[in-house]
Amino acid sequence: MSVDFVTQRKTIRGYGWPTAAEVRNAVSVTTPGDLDERFRGAIAEFTGPAAGSWPIAEPARADHDAGAEARPAAPVRGAGEPLRAGARLTCGEALTLFEAQIASRHLDLAARWLRSFNEGYYTIGSSGHEGNAAVAGALRSTDPALLHYRSGAFYLVRAAQSGRDAADAYRDVLRGLVASAREPIAGGRHKVFGHADLAVIPTTSTIASHLPRAVGVGFAISRQAAEASAPQYGEAIEAEWTSGGWPADAVAICSFGDASVNQAAATAALNAAGWATYRGIDMPVLFVCEDNGLGVSVRSPDGWVADVLRSRPGLHYLAADGCDLVDTYEAATTAAGWVRENRRPAVLHLATVRLMGHAGADAEVAYRTSAEIAKDAQRDPLVRSAQLLIEAGVVDAAGVLARYDEIGWQVRTLAEEVIGEPKLATAADVIAPLAPRRSARVAQTIEAAADAVNEWRGCARVGFRWPPARARRTAHARPGDQRDAHRRVVGVAASDPFW
Ligand SMILES: Cc1ncc(C[n+]2csc(CCOP(=O)(O)OP(=O)(O)O)c2C)c(N)n1
C-alpha cells in the first residue's frame, strides 16, 4: 500500500507532505515527512560546546575570544583537528562531507515530492547510505568511479572536490529525476550518476552490471601505466596516453548493494579481479559494498555477504560501520591507500541502513516489522554525523538545523526550476546519440581503427598479437613507427563519432 501524498496533503515544512503522525495512522512506513521530523527531533536533543557558527571559524579559545566567558570551556576543535580522538577525519573535512550528506538527503526528499505530483520519475534514493560521502572523501577526484544508485552523497562530494558548484551538482541529480534533456550524462533518458568532468562513469540500474566494467577500468589503468612506462614507447607516447587517460596511480572505485553480490556479473567481476592478483596483473579496483541487508524485499541472510566477500581469493577485505562518518572514512582511507600502493583489488564492506523503503512505491511494512524499520531509523547516518560534529564542538544543534533548512530550500528551489526544462519528446530524440544505421560507414571506421590498433600493437610487441600475421609483419618495425601508428589510432578515434 502506498501513501497518496497529493490527497493527504497538509503543509509540513513547505513540502506538502502528510505529518508523520498522520501517516503512521494510515500505514507503518518511513515517509519523507517522518525522516525529516525525526532528524529535527534528534538534533534538538544534542548538546555540545560549540557556538553554532557554520561553516566553522577557528575554535573559540578563552584567551582570544571575547565571547568565550559565556561558553563552556573547550573541547571546541578547529578545522584541522581530528573529529574524534585519533581519527584521520578532520573537523573541516567532516563538515564538507556532512554538507553533502544533508544535500543528498534533501535530493531524496525532493524526489518524493516531485513524484507526488507526477513531475519526477525516479524515487530510489540514498537515504541511510549517506556514509558513502566518506568514501569519496578518501579518494581523489581523478579516481574513476562507477556508482551504486544509492551513492548520492559520494557524487556530491566528488563534485565539490572537483570544484563544481554545489548548486550545479544538485541540479545534475534533479535533472535526472525529472528526465530533463539537460541532465549531463543521460540527457533525460534515465536517472544515473555520471559526469565526465568528475570521472564518474555512468552506470545503469541493472544491478552489478558495472562491476565487470570496473574491472575493465582497473585493467585499463594498469595497462596504460605499464605501456606508458615501457622503454620502447618513449616520452611522446606516454604524454599521449596520460593526457587522455587516468593517472598512473589511479584507483577505480565501484559501489553496489549487498544483494548485488549474488548477481552473475558481480560474481564474475570479483572472480576476475581476484584472478588478476594471482596472475600478477595489476588491478587497482576498490569495490565498495553498501550493505543495507535487503534486496528490495528479500533479506540477505545473516553473515552471507561478509563471508562471500571475505572469502574471495585475491581480494583484500575491510569492513566498517557505514552509518558512522569517522569509521567509514578511516576504513575507506586505509582501503584506498592499500589499493593505490599495492595495485591490487580490495573490497570495503559498509554496514548501512535503507530508509524510506526501496523506492517511493514500496510499502516495506509488507515484509518488515515496524520494529525492524524503527531500528534502522535509529542508525540514520545524518543524525550520527550531526551528533559527532556537535559533540566535537564544531557546530551546535541550531547551526545544524539552520544549514539543513538552507540546503533544503536551495534543493527545493532548484527542483522547481528543472521541472520546466525540456524533455526528450520523440523516440528519434532518445536514440539520437546511438550509432545511426549507416552500417557501411561504421564498418569502415571500425576496420580503419582496428588496422591502426593492430599495427601499433605489433610495433610495440606488448601482447594482443592479433592477427598474428600482422603482428609478425610489424615486429621488425623501425624505431618511431609505433609512435606514428599510435597517432593514427588516436586520429581515427578523434575524427569519428562512432569510435
Ligand atoms: C540485473 C537486475 N536484476 C534485477 C533488478 C531489479 N532490482 C532492482 S534493485 C534490486 C535489489 C538490489 O539490492 P541491493 O544490491 O542490495 O541494493 P539496494 O537497493 O539494497 O541498495 C533488484 C533485484 C535489476 N535492477 N537488475
# chains A, B, ... in the order shown; residues from 1 in each chain; ligands from 1
>>> closest_atom_pairs(of="chain A", to="ligand 1", cutoff="8 Å", atoms="only C-alpha atoms and all ligand atoms", output="Markdown table")
| residue | atom | partner | partner_atom_place_in_ligand_line | distance |
| --- | --- | --- | --- | --- |
| A:Ile124 | CA | ligand 1 | 19 (O) | 7.9 |
| A:His148 | CA | ligand 1 | 21 (O) | 7.4 |
| A:Tyr149 | CA | ligand 1 | 21 (O) | 7.3 |
| A:Arg150 | CA | ligand 1 | 21 (O) | 6.1 |
| A:Ser205 | CA | ligand 1 | 25 (N) | 5.1 |
| A:Thr206 | CA | ligand 1 | 26 (N) | 3.6 |
| A:Ile207 | CA | ligand 1 | 26 (N) | 4.2 |
| A:Ala208 | CA | ligand 1 | 1 (C) | 6.8 |
| A:Ser209 | CA | ligand 1 | 1 (C) | 7.0 |
| A:Phe256 | CA | ligand 1 | 15 (O) | 5.9 |
| A:Gly257 | CA | ligand 1 | 15 (O) | 3.3 |
| A:Asp258 | CA | ligand 1 | 16 (O) | 3.9 |
| A:Ala259 | CA | ligand 1 | 16 (O) | 3.6 |
| A:Ser260 | CA | ligand 1 | 15 (O) | 3.7 |
| A:Val261 | CA | ligand 1 | 15 (O) | 7.0 |
| A:Gln263 | CA | ligand 1 | 1 (C) | 7.0 |
| A:Glu290 | CA | ligand 1 | 21 (O) | 6.7 |
| A:Asp291 | CA | ligand 1 | 16 (O) | 6.4 |
| A:Asn292 | CA | ligand 1 | 20 (O) | 5.7 |
| A:Gly293 | CA | ligand 1 | 16 (O) | 6.6 |
| A:Leu294 | CA | ligand 1 | 20 (O) | 4.9 |
| A:Gly295 | CA | ligand 1 | 13 (O) | 3.3 |
| A:Val296 | CA | ligand 1 | 11 (C) | 4.8 |
| A:Ser300 | CA | ligand 1 | 16 (O) | 7.8 |
| A:Arg354 | CA | ligand 1 | 20 (O) | 7.1 |
| A:His358 | CA | ligand 1 | 19 (O) | 6.1 |
>>> select_by_dssp(residues="region 289-362 of chain A", states="helix (DSSP H, G or I)", output="PyMOL selection string")
chain A and resi 304-310+325-342
>>> residues_around(residues="Pro247 (chain A)", least_positions_apart="2", cutoff="9 Å", atoms="only C-alpha atoms", output="compact mmCIF listing (two decimals) with all heavy atoms, in the first residue's frame")
# COMPACT_ATOMS: atom_id res chain seq x y z
N THR A 142 40.25 12.37 -9.32
CA THR A 142 40.59 11.78 -10.62
C THR A 142 40.47 10.26 -10.63
O THR A 142 40.76 9.62 -11.64
CB THR A 142 42.03 12.17 -10.99
OG1 THR A 142 42.87 11.96 -9.84
CG2 THR A 142 42.13 13.62 -11.43
N ASP A 143 40.06 9.68 -9.52
CA ASP A 143 39.86 8.22 -9.48
C ASP A 143 38.54 7.89 -10.15
O ASP A 143 37.48 8.34 -9.67
CB ASP A 143 39.84 7.73 -8.02
CG ASP A 143 41.21 7.78 -7.36
OD1 ASP A 143 42.22 7.64 -8.07
OD2 ASP A 143 41.26 7.95 -6.12
N ILE A 221 43.70 0.99 -16.45
CA ILE A 221 44.64 1.85 -15.70
C ILE A 221 46.01 1.18 -15.66
O ILE A 221 47.04 1.80 -15.92
CB ILE A 221 44.14 2.11 -14.26
CG1 ILE A 221 42.87 2.95 -14.27
CG2 ILE A 221 45.22 2.80 -13.43
CD1 ILE A 221 42.17 3.03 -12.91
N ALA A 225 49.42 2.36 -17.60
CA ALA A 225 50.62 2.71 -16.84
C ALA A 225 51.80 1.88 -17.32
O ALA A 225 52.91 2.38 -17.52
CB ALA A 225 50.38 2.49 -15.36
N THR A 242 48.71 9.56 -21.17
CA THR A 242 48.27 10.13 -19.90
C THR A 242 47.37 11.33 -20.09
O THR A 242 46.54 11.62 -19.25
CB THR A 242 49.47 10.50 -19.01
OG1 THR A 242 50.39 11.22 -19.81
CG2 THR A 242 50.15 9.29 -18.45
N SER A 243 47.49 12.02 -21.24
CA SER A 243 46.62 13.17 -21.42
C SER A 243 45.17 12.73 -21.60
O SER A 243 44.25 13.44 -21.21
CB SER A 243 47.08 13.99 -22.61
OG SER A 243 46.90 13.23 -23.78
N GLY A 245 43.94 9.64 -20.53
CA GLY A 245 43.55 8.53 -19.68
C GLY A 245 43.53 8.87 -18.21
O GLY A 245 43.38 10.02 -17.83
N ASP A 249 48.58 6.22 -11.10
CA ASP A 249 48.33 5.62 -9.77
C ASP A 249 46.84 5.70 -9.39
O ASP A 249 46.49 5.64 -8.21
CB ASP A 249 49.20 6.29 -8.71
CG ASP A 249 48.89 7.78 -8.55
OD1 ASP A 249 48.15 8.34 -9.40
OD2 ASP A 249 49.38 8.38 -7.57
N ALA A 250 45.98 5.82 -10.40
CA ALA A 250 44.54 5.93 -10.11
C ALA A 250 44.00 4.63 -9.51
O ALA A 250 44.56 3.54 -9.71
CB ALA A 250 43.77 6.27 -11.38
N VAL A 251 42.90 4.79 -8.79
CA VAL A 251 42.16 3.64 -8.24
C VAL A 251 40.74 3.73 -8.81
O VAL A 251 40.11 4.78 -8.74
CB VAL A 251 42.10 3.74 -6.70
CG1 VAL A 251 41.10 2.75 -6.12
CG2 VAL A 251 43.48 3.52 -6.08
>>> closest_residue(among="A:Leu348, A:Asn454, A:Arg158, A:Arg340", to="Ala319 (chain A)", atoms="only C-alpha atoms")
A:Leu348
>>> select_by_dssp(residues="region 290-409 of chain A", states="strand (DSSP E)", output="PyMOL selection string")
chain A and resi 290-291+294-295+298-299+316-321+346-351
>>> closest_residue(among="A:Val411, A:Val383, A:Val353, A:Leu401", to="Asp321 (chain A)", atoms="only C-alpha atoms")
A:Val353
>>> residues_around(residues="Leu114 (chain A)", least_positions_apart="2", cutoff="10 Å", atoms="only C-alpha atoms", output="list in words")
Tyr15, Asp108, Leu109, Ala110, Ala111, Arg112, Ser116, Phe117, Asn118, Glu119, Gly120, Tyr121, Tyr122, Thr123, Leu174, Leu177, Val178, Arg412, Ala415, Glu416 and Ile419 of chain A
>>> atom_distance(atom1="CA of Pro144 (chain A)", atom2="CA of Cys289 (chain A)")
16.6 Å
>>> atom_distance(atom1="CA of Arg299 (chain A)", atom2="CA of Ala272 (chain A)")
26.6 Å
>>> atom_distance(atom1="CA of Arg84 (chain A)", atom2="CA of Arg403 (chain A)")
21.8 Å
